Amino acid sequence: MDLEILISSSLVATLLLLSSIHNFYKAEGRIVSEEEDLELDRQLKILNKPLIKTIVATNGDIVDCIDIYRQPAFDNPLLKNHEHKVKRIIKQELLLNEANASSKKISVLEHYYNESHCPFGTVPIIRTTKKQLVNAKRFSQRMKRSGENAVFKPTGRTHFVSLETSYIKNKTYLGAWAQIQIKNPDMAPDQFTTAQISVQNGPGEDVNSIEFGWAVYPELFSDADTRIFAYWTGDGYKRRGCFNMLCSGFVLVNHEIPLGASLANTGRAFLGSRVVRDPQPDDGWWLYLLDIKIGFFPKPIFTHPEDEATIIKYGGLANAEPNKPFPQMGAGSLPDFDFEKSCHFTHMRVYDKNGEPGDFDPNIVQMRHDASVDCYDLAFYGRNHTGWGLTMSFGGPGGSC
């Protein structure tokens, strides 16, 4: 079936709109024409759903509380024949959340709110701005793939480090888990960096990938905060996919945790990140913070909706524009077992084909990086004896790599 038939008219309009205004934003502060500005306002009204409540976060983010059944995912025509299943899953989660009202709190997010969370039955979505839409379009145009090692790679120059489960024939996974240490690397407006876990399947030119962790990306988020981020692609970084809630696809179920929220760095604070397939294969892939469900990616949004992943990655990315220095990655220092000096992944685990979490074999992983080790590197410590499970550290100072 033609992909354009599958994409909703609102999404097509958004893509066409952003393509038409892109040239007006080549230089920061450039103003669009009145006609295009009005059209952009119309698209923002589509993306920013009617709200039930608005919360201003401590860092100035405007968080809109949207009816859980009116969130952007329901605009995606790929879910048209799956909508009843999505609503069934949401209903189940609402019942579970209501029965467990005293749910575990995420300490690294407690600072984020000035007041109460979104009410039960709604979901928190950070309000989309015109600048974010334009920057998101710019980002999508900068996407590239890199064969079987596909990652989102903006143009300019991007470096990565990753520890990857080896390409073992017939070896598949139902998810990944890690505690990712939260750091606040220095970042210029035209730089970005991430610390993430990735779950992937499909061929490199059409890879399906879910990336989850933290990012510092001033151009996209308008500040240098370290933030929760998720990124997905359903077609090798071509048309399907985006950051957080900047397109329809991800289904939120939690009324307290917005994707894109700013994280507190409290010394040895960790982000407990998990991407795991639902026990019911047709339901898709879930994102968790610790044991709390944030939401899920429904199976129909992917072009290779296999029930299992073929590779898991743990690591980070760093990007700089041409002729500019590279930013810090991780904690801004090279790998070191000292948690105060470097950024760490701990309790690294995978979910096997039976859905059971466990350690991967430390002898069959690949450590990959594409920059000088003076810029970025990683060190894998295996299963250490300090209670941190499978552990690695990564990062570096960047500079002229």
# chains A, B, ... in the order shown; residues from 1 in each chain; ligands from 1

$ select_by_dssp --residues "segment 47-233 of chain A" --states "strand (DSSP E or B)" --output "JSON, numbers by chain"
{"A": [51, 52, 53, 54, 55, 56, 57, 62, 63, 64, 65, 66, 67, 113, 122, 123, 124, 125, 126, 157, 158, 159, 160, 161, 162, 163, 164, 165, 173, 175, 176, 177, 178, 179, 180, 181, 192, 193, 194, 195, 196, 197, 198, 199, 200, 201, 208, 209, 210, 211, 212, 213, 214, 215, 216, 227, 228, 229, 230, 231, 232, 233]}

$ residues_around --residues "segment 168-178 of chain A" --least-positions-apart "3" --cutoff "7 Å" --atoms "only C-alpha atoms" --output "list of chain:residue names"
A:Val199, A:Gly272, A:Ser273, A:Arg274, A:Val275, A:Val276, A:Arg277, A:Glu308, A:Ala309, A:Thr310, A:Ile312, A:Phe345, A:Thr346, A:His347, A:Met348, A:Arg349, A:Val350, A:Tyr351, A:Asp352, A:Lys353, A:Gly355

$ write_last_selection --atoms "N, CA and C atoms" --output "PDB file, in the first residue's frame"
ATOM      1  N   VAL A 199      16.679  -0.456  20.904  1.00  0.00           N
ATOM      2  CA  VAL A 199      16.142  -1.771  20.578  1.00  0.00           C
ATOM      3  C   VAL A 199      15.786  -1.738  19.104  1.00  0.00           C
ATOM      4  N   GLY A 272      16.270   4.966  35.474  1.00  0.00           N
ATOM      5  CA  GLY A 272      15.989   3.543  35.245  1.00  0.00           C
ATOM      6  C   GLY A 272      15.175   3.371  33.982  1.00  0.00           C
ATOM      7  N   SER A 273      15.823   2.995  32.889  1.00  0.00           N
ATOM      8  CA  SER A 273      15.188   2.973  31.567  1.00  0.00           C
ATOM      9  C   SER A 273      14.960   1.546  31.094  1.00  0.00           C
ATOM     10  N   ARG A 274      13.773   1.317  30.551  1.00  0.00           N
ATOM     11  CA  ARG A 274      13.458  -0.012  30.048  1.00  0.00           C
ATOM     12  C   ARG A 274      12.602   0.094  28.790  1.00  0.00           C
ATOM     13  N   VAL A 275      12.949  -0.673  27.764  1.00  0.00           N
ATOM     14  CA  VAL A 275      12.126  -0.828  26.569  1.00  0.00           C
ATOM     15  C   VAL A 275      11.826  -2.313  26.460  1.00  0.00           C
ATOM     16  N   VAL A 276      10.566  -2.688  26.483  1.00  0.00           N
ATOM     17  CA  VAL A 276      10.227  -4.110  26.499  1.00  0.00           C
ATOM     18  C   VAL A 276       8.924  -4.354  25.744  1.00  0.00           C
ATOM     19  N   ARG A 277       8.882  -5.464  25.015  1.00  0.00           N
ATOM     20  CA  ARG A 277       7.673  -5.817  24.290  1.00  0.00           C
ATOM     21  C   ARG A 277       6.603  -6.294  25.248  1.00  0.00           C
ATOM     22  N   GLU A 308      10.057  -9.494  18.036  1.00  0.00           N
ATOM     23  CA  GLU A 308      11.311  -9.539  18.768  1.00  0.00           C
ATOM     24  C   GLU A 308      12.341  -8.620  18.111  1.00  0.00           C
ATOM     25  N   ALA A 309      13.329  -8.190  18.896  1.00  0.00           N
ATOM     26  CA  ALA A 309      14.413  -7.350  18.391  1.00  0.00           C
ATOM     27  C   ALA A 309      15.629  -8.213  18.102  1.00  0.00           C
ATOM     28  N   THR A 310      16.445  -7.780  17.165  1.00  0.00           N
ATOM     29  CA  THR A 310      17.644  -8.542  16.803  1.00  0.00           C
ATOM     30  C   THR A 310      18.911  -7.973  17.421  1.00  0.00           C
ATOM     31  N   ILE A 312      20.480  -5.100  20.622  1.00  0.00           N
ATOM     32  CA  ILE A 312      20.338  -4.145  21.708  1.00  0.00           C
ATOM     33  C   ILE A 312      21.627  -3.324  21.779  1.00  0.00           C
ATOM     34  N   PHE A 345      26.490   3.184  32.788  1.00  0.00           N
ATOM     35  CA  PHE A 345      25.327   2.318  32.669  1.00  0.00           C
ATOM     36  C   PHE A 345      25.538   1.188  33.678  1.00  0.00           C
ATOM     37  N   THR A 346      24.550   0.910  34.498  1.00  0.00           N
ATOM     38  CA  THR A 346      24.637  -0.218  35.425  1.00  0.00           C
ATOM     39  C   THR A 346      23.408  -1.108  35.253  1.00  0.00           C
ATOM     40  N   HIS A 347      23.470  -2.292  35.837  1.00  0.00           N
ATOM     41  CA  HIS A 347      22.346  -3.248  35.775  1.00  0.00           C
ATOM     42  C   HIS A 347      21.863  -3.445  34.341  1.00  0.00           C
ATOM     43  N   MET A 348      22.818  -3.557  33.416  1.00  0.00           N
ATOM     44  CA  MET A 348      22.462  -3.736  32.008  1.00  0.00           C
ATOM     45  C   MET A 348      21.932  -5.153  31.804  1.00  0.00           C
ATOM     46  N   ARG A 349      20.716  -5.246  31.292  1.00  0.00           N
ATOM     47  CA  ARG A 349      20.087  -6.553  31.123  1.00  0.00           C
ATOM     48  C   ARG A 349      19.315  -6.584  29.814  1.00  0.00           C
ATOM     49  N   VAL A 350      18.998  -7.791  29.363  1.00  0.00           N
ATOM     50  CA  VAL A 350      18.150  -7.989  28.193  1.00  0.00           C
ATOM     51  C   VAL A 350      17.004  -8.917  28.571  1.00  0.00           C
ATOM     52  N   TYR A 351      15.924  -8.823  27.797  1.00  0.00           N
ATOM     53  CA  TYR A 351      14.783  -9.720  27.980  1.00  0.00           C
ATOM     54  C   TYR A 351      14.851 -10.791  26.897  1.00  0.00           C
ATOM     55  N   ASP A 352      14.837 -12.043  27.309  1.00  0.00           N
ATOM     56  CA  ASP A 352      14.964 -13.126  26.338  1.00  0.00           C
ATOM     57  C   ASP A 352      13.635 -13.379  25.636  1.00  0.00           C
ATOM     58  N   LYS A 353      13.606 -14.385  24.760  1.00  0.00           N
ATOM     59  CA  LYS A 353      12.411 -14.640  23.949  1.00  0.00           C
ATOM     60  C   LYS A 353      11.222 -15.091  24.773  1.00  0.00           C
ATOM     61  N   GLY A 355      10.531 -13.459  27.553  1.00  0.00           N
ATOM     62  CA  GLY A 355      10.164 -12.277  28.317  1.00  0.00           C
ATOM     63  C   GLY A 355      10.798 -12.194  29.684  1.00  0.00           C
TER      64      GLY A 355
END

$ closest_residue --among "A:Ser166, A:Tyr217, A:Gly395, A:Pro119" --to "Pro362 of chain A" --atoms "only C-alpha atoms"
A:Ser166

$ residues_around --residues "Asp377 of chain A" --least-positions-apart "4" --cutoff "12 Å" --atoms "only C-alpha atoms" --output "number ranges by chain"
A: 159-163, 315-318, 328-336, 342-343, 367-373, 392-398, 401

$ residues_around --residues "segment 289-292 of chain A" --least-positions-apart "6" --cutoff "12 Å" --atoms "only C-alpha atoms" --output "MDAnalysis selection string"
chainID A and resid 93 96:97 100 102:109 177:180 212:214 228:230 252:259 270:276 347

$ closest_residue --among "A:Val207, A:Leu51, A:Leu263, A:Leu378" --to "Tyr314 of chain A" --atoms "only C-alpha atoms"
A:Leu378

$ closest_residue --among "A:Cys242, A:Leu44, A:Ala264, A:Leu220" --to "Asn184 of chain A" --atoms "only C-alpha atoms"
A:Ala264

$ select_by_dssp --residues "segment 53-211 of chain A" --states "alpha helix (DSSP H)" --output "MDAnalysis selection string"
chainID A and resid 83:99 130:142

$ closest_atom_pairs --of "segment 251-370 of chain A" --to "segment 63-80 of chain A" --cutoff "7 Å" --atoms "only C-alpha atoms" --output "tab-separated table"
residue	atom	partner	partner_atom	distance
A:Val251	CA	A:Ala73	CA	5.8
A:Pro300	CA	A:Leu78	CA	6.0
A:Ile301	CA	A:Leu78	CA	6.0

$ write_last_selection --atoms "all heavy atoms" --output "PDB file, in the first residue's frame"
ATOM      1  N   VAL A 251       1.880   6.216  22.499  1.00  0.00           N
ATOM      2  CA  VAL A 251       0.655   6.302  23.296  1.00  0.00           C
ATOM      3  C   VAL A 251       1.031   6.445  24.770  1.00  0.00           C
ATOM      4  O   VAL A 251       1.585   5.530  25.375  1.00  0.00           O
ATOM      5  CB  VAL A 251      -0.225   5.045  23.112  1.00  0.00           C
ATOM      6  CG1 VAL A 251      -1.501   5.166  23.952  1.00  0.00           C
ATOM      7  CG2 VAL A 251      -0.574   4.839  21.647  1.00  0.00           C
ATOM      8  N   PRO A 300       1.470  -1.483  14.758  1.00  0.00           N
ATOM      9  CA  PRO A 300       1.231  -1.079  13.364  1.00  0.00           C
ATOM     10  C   PRO A 300       2.045   0.104  12.869  1.00  0.00           C
ATOM     11  O   PRO A 300       2.076   0.348  11.659  1.00  0.00           O
ATOM     12  CB  PRO A 300      -0.273  -0.755  13.354  1.00  0.00           C
ATOM     13  CG  PRO A 300      -0.842  -1.538  14.484  1.00  0.00           C
ATOM     14  CD  PRO A 300       0.215  -1.491  15.537  1.00  0.00           C
ATOM     15  N   ILE A 301       2.696   0.882  13.749  1.00  0.00           N
ATOM     16  CA  ILE A 301       3.433   2.048  13.258  1.00  0.00           C
ATOM     17  C   ILE A 301       4.785   1.665  12.665  1.00  0.00           C
ATOM     18  O   ILE A 301       5.458   2.497  12.063  1.00  0.00           O
ATOM     19  CB  ILE A 301       3.630   3.107  14.362  1.00  0.00           C
ATOM     20  CG1 ILE A 301       4.549   2.600  15.471  1.00  0.00           C
ATOM     21  CG2 ILE A 301       2.294   3.573  14.909  1.00  0.00           C
ATOM     22  CD1 ILE A 301       4.843   3.648  16.535  1.00  0.00           C
TER      23      ILE A 301
END

$ atom_distance --atom1 "atom CA of Trp232 of chain A" --atom2 "atom CA of Gly295 of chain A"
13.2 Å

$ residues_around --residues "Phe297 of chain A" --least-positions-apart "6" --cutoff "7 Å" --atoms "only C-alpha atoms" --output "ChimeraX atom specification"
/A:249-251,284-286

$ write_last_selection --atoms "all heavy atoms" --output "short mmCIF file (atom, residue, chain, number, x, y, z; two decimals), in the first residue's frame"
data_model
loop_
_atom_site.label_atom_id
_atom_site.label_comp_id
_atom_site.auth_asym_id
_atom_site.auth_seq_id
_atom_site.Cartn_x
_atom_site.Cartn_y
_atom_site.Cartn_z
N GLY A 249 2.07 8.67 17.23
CA GLY A 249 2.66 7.34 17.24
C GLY A 249 2.71 6.76 18.64
O GLY A 249 2.13 5.72 18.92
N PHE A 250 3.42 7.46 19.55
CA PHE A 250 3.55 6.97 20.92
C PHE A 250 2.26 7.21 21.70
O PHE A 250 1.65 8.27 21.59
CB PHE A 250 4.72 7.67 21.61
CG PHE A 250 5.02 7.15 22.99
CD1 PHE A 250 5.57 5.89 23.15
CD2 PHE A 250 4.77 7.92 24.11
CE1 PHE A 250 5.86 5.40 24.43
CE2 PHE A 250 5.06 7.45 25.38
CZ PHE A 250 5.60 6.18 25.53
N VAL A 251 1.88 6.22 22.50
CA VAL A 251 0.66 6.30 23.30
C VAL A 251 1.03 6.44 24.77
O VAL A 251 1.58 5.53 25.37
CB VAL A 251 -0.23 5.04 23.11
CG1 VAL A 251 -1.50 5.17 23.95
CG2 VAL A 251 -0.57 4.84 21.65
N GLY A 284 2.54 -4.08 21.24
CA GLY A 284 3.65 -3.20 20.95
C GLY A 284 4.73 -3.20 22.01
O GLY A 284 4.85 -4.11 22.82
N TRP A 285 5.53 -2.11 22.00
CA TRP A 285 6.71 -1.99 22.85
C TRP A 285 6.52 -0.87 23.87
O TRP A 285 6.15 0.24 23.53
CB TRP A 285 7.94 -1.68 21.99
CG TRP A 285 8.32 -2.82 21.10
CD1 TRP A 285 7.75 -3.17 19.91
CD2 TRP A 285 9.35 -3.78 21.34
NE1 TRP A 285 8.36 -4.27 19.38
CE2 TRP A 285 9.36 -4.67 20.23
CE3 TRP A 285 10.28 -3.95 22.35
CZ2 TRP A 285 10.24 -5.73 20.13
CZ3 TRP A 285 11.18 -5.01 22.26
CH2 TRP A 285 11.15 -5.88 21.16
N TRP A 286 6.82 -1.18 25.13
CA TRP A 286 6.58 -0.26 26.24
C TRP A 286 7.86 0.44 26.70
O TRP A 286 8.94 -0.15 26.67
CB TRP A 286 5.99 -1.02 27.43
CG TRP A 286 4.56 -1.40 27.24
CD1 TRP A 286 4.08 -2.50 26.59
CD2 TRP A 286 3.42 -0.68 27.71
NE1 TRP A 286 2.71 -2.50 26.62
CE2 TRP A 286 2.28 -1.40 27.30
CE3 TRP A 286 3.25 0.51 28.44
CZ2 TRP A 286 0.98 -0.97 27.60
CZ3 TRP A 286 1.97 0.94 28.73
CH2 TRP A 286 0.85 0.20 28.31
#

$ decode --residues "segment 191-266 of chain A" --atoms "C-alpha atoms" --output "mmCIF file, in the first residue's frame"
data_model
loop_
_atom_site.group_PDB
_atom_site.id
_atom_site.type_symbol
_atom_site.label_atom_id
_atom_site.label_comp_id
_atom_site.auth_asym_id
_atom_site.auth_seq_id
_atom_site.Cartn_x
_atom_site.Cartn_y
_atom_site.Cartn_z
ATOM 1 C CA GLN A 191 25.430 20.728 19.576
ATOM 2 C CA PHE A 192 23.653 17.747 21.084
ATOM 3 C CA THR A 193 24.408 14.548 22.974
ATOM 4 C CA THR A 194 22.536 11.520 24.317
ATOM 5 C CA ALA A 195 22.861 8.567 26.665
ATOM 6 C CA GLN A 196 20.487 5.825 25.528
ATOM 7 C CA ILE A 197 19.445 2.249 25.101
ATOM 8 C CA SER A 198 18.308 1.158 21.633
ATOM 9 C CA VAL A 199 16.142 -1.771 20.578
ATOM 10 C CA GLN A 200 16.211 -2.551 16.857
ATOM 11 C CA ASN A 201 15.109 -4.923 14.140
ATOM 12 C CA GLY A 202 14.815 -4.914 10.360
ATOM 13 C CA PRO A 203 17.471 -4.289 7.680
ATOM 14 C CA GLY A 204 19.691 -1.221 7.934
ATOM 15 C CA GLU A 205 18.019 0.656 5.077
ATOM 16 C CA ASP A 206 14.603 0.104 6.678
ATOM 17 C CA VAL A 207 15.559 -0.343 10.330
ATOM 18 C CA ASN A 208 12.922 -0.094 13.034
ATOM 19 C CA SER A 209 14.366 1.411 16.180
ATOM 20 C CA ILE A 210 13.316 2.698 19.590
ATOM 21 C CA GLU A 211 15.830 4.840 21.491
ATOM 22 C CA PHE A 212 15.261 5.830 25.105
ATOM 23 C CA GLY A 213 17.328 7.653 27.722
ATOM 24 C CA TRP A 214 18.403 11.246 28.289
ATOM 25 C CA ALA A 215 19.494 13.970 25.902
ATOM 26 C CA VAL A 216 20.842 17.516 25.937
ATOM 27 C CA TYR A 217 19.733 19.208 22.732
ATOM 28 C CA PRO A 218 19.381 23.024 22.957
ATOM 29 C CA GLU A 219 18.272 23.487 19.352
ATOM 30 C CA LEU A 220 15.298 21.179 19.786
ATOM 31 C CA PHE A 221 14.358 21.819 23.421
ATOM 32 C CA SER A 222 15.357 25.520 23.612
ATOM 33 C CA ASP A 223 17.594 25.024 26.646
ATOM 34 C CA ALA A 224 20.571 22.972 27.847
ATOM 35 C CA ASP A 225 18.623 20.887 30.375
ATOM 36 C CA THR A 226 19.216 17.157 30.561
ATOM 37 C CA ARG A 227 15.858 15.685 29.556
ATOM 38 C CA ILE A 228 14.099 12.360 29.186
ATOM 39 C CA PHE A 229 13.853 11.555 25.516
ATOM 40 C CA ALA A 230 12.465 8.866 23.273
ATOM 41 C CA TYR A 231 12.987 8.594 19.543
ATOM 42 C CA TRP A 232 11.461 6.080 17.175
ATOM 43 C CA THR A 233 11.619 5.271 13.500
ATOM 44 C CA GLY A 234 9.459 2.807 11.633
ATOM 45 C CA ASP A 235 11.183 3.031 8.255
ATOM 46 C CA GLY A 236 14.921 3.656 8.539
ATOM 47 C CA TYR A 237 14.629 7.337 9.540
ATOM 48 C CA LYS A 238 12.724 8.352 6.397
ATOM 49 C CA ARG A 239 9.120 9.361 7.064
ATOM 50 C CA ARG A 240 7.884 7.586 10.177
ATOM 51 C CA GLY A 241 9.202 8.662 13.532
ATOM 52 C CA CYS A 242 10.127 11.612 15.733
ATOM 53 C CA PHE A 243 11.303 12.805 19.120
ATOM 54 C CA ASN A 244 8.907 12.397 22.017
ATOM 55 C CA MET A 245 5.392 13.626 21.121
ATOM 56 C CA LEU A 246 6.276 15.723 18.056
ATOM 57 C CA CYS A 247 4.283 13.385 15.812
ATOM 58 C CA SER A 248 1.541 10.820 16.290
ATOM 59 C CA GLY A 249 2.657 7.340 17.245
ATOM 60 C CA PHE A 250 3.552 6.966 20.922
ATOM 61 C CA VAL A 251 0.655 6.302 23.296
ATOM 62 C CA LEU A 252 0.980 7.821 26.769
ATOM 63 C CA VAL A 253 -0.703 6.051 29.686
ATOM 64 C CA ASN A 254 0.919 7.768 32.690
ATOM 65 C CA HIS A 255 -0.574 11.017 34.011
ATOM 66 C CA GLU A 256 2.593 12.175 35.795
ATOM 67 C CA ILE A 257 5.582 11.637 33.476
ATOM 68 C CA PRO A 258 5.850 13.704 30.272
ATOM 69 C CA LEU A 259 8.383 12.765 27.617
ATOM 70 C CA GLY A 260 10.875 15.619 27.435
ATOM 71 C CA ALA A 261 10.762 16.424 31.153
ATOM 72 C CA SER A 262 13.866 18.009 32.665
ATOM 73 C CA LEU A 263 15.843 15.744 34.994
ATOM 74 C CA ALA A 264 17.449 16.595 38.310
ATOM 75 C CA ASN A 265 21.099 15.667 38.698
ATOM 76 C CA THR A 266 21.610 14.725 42.329
#
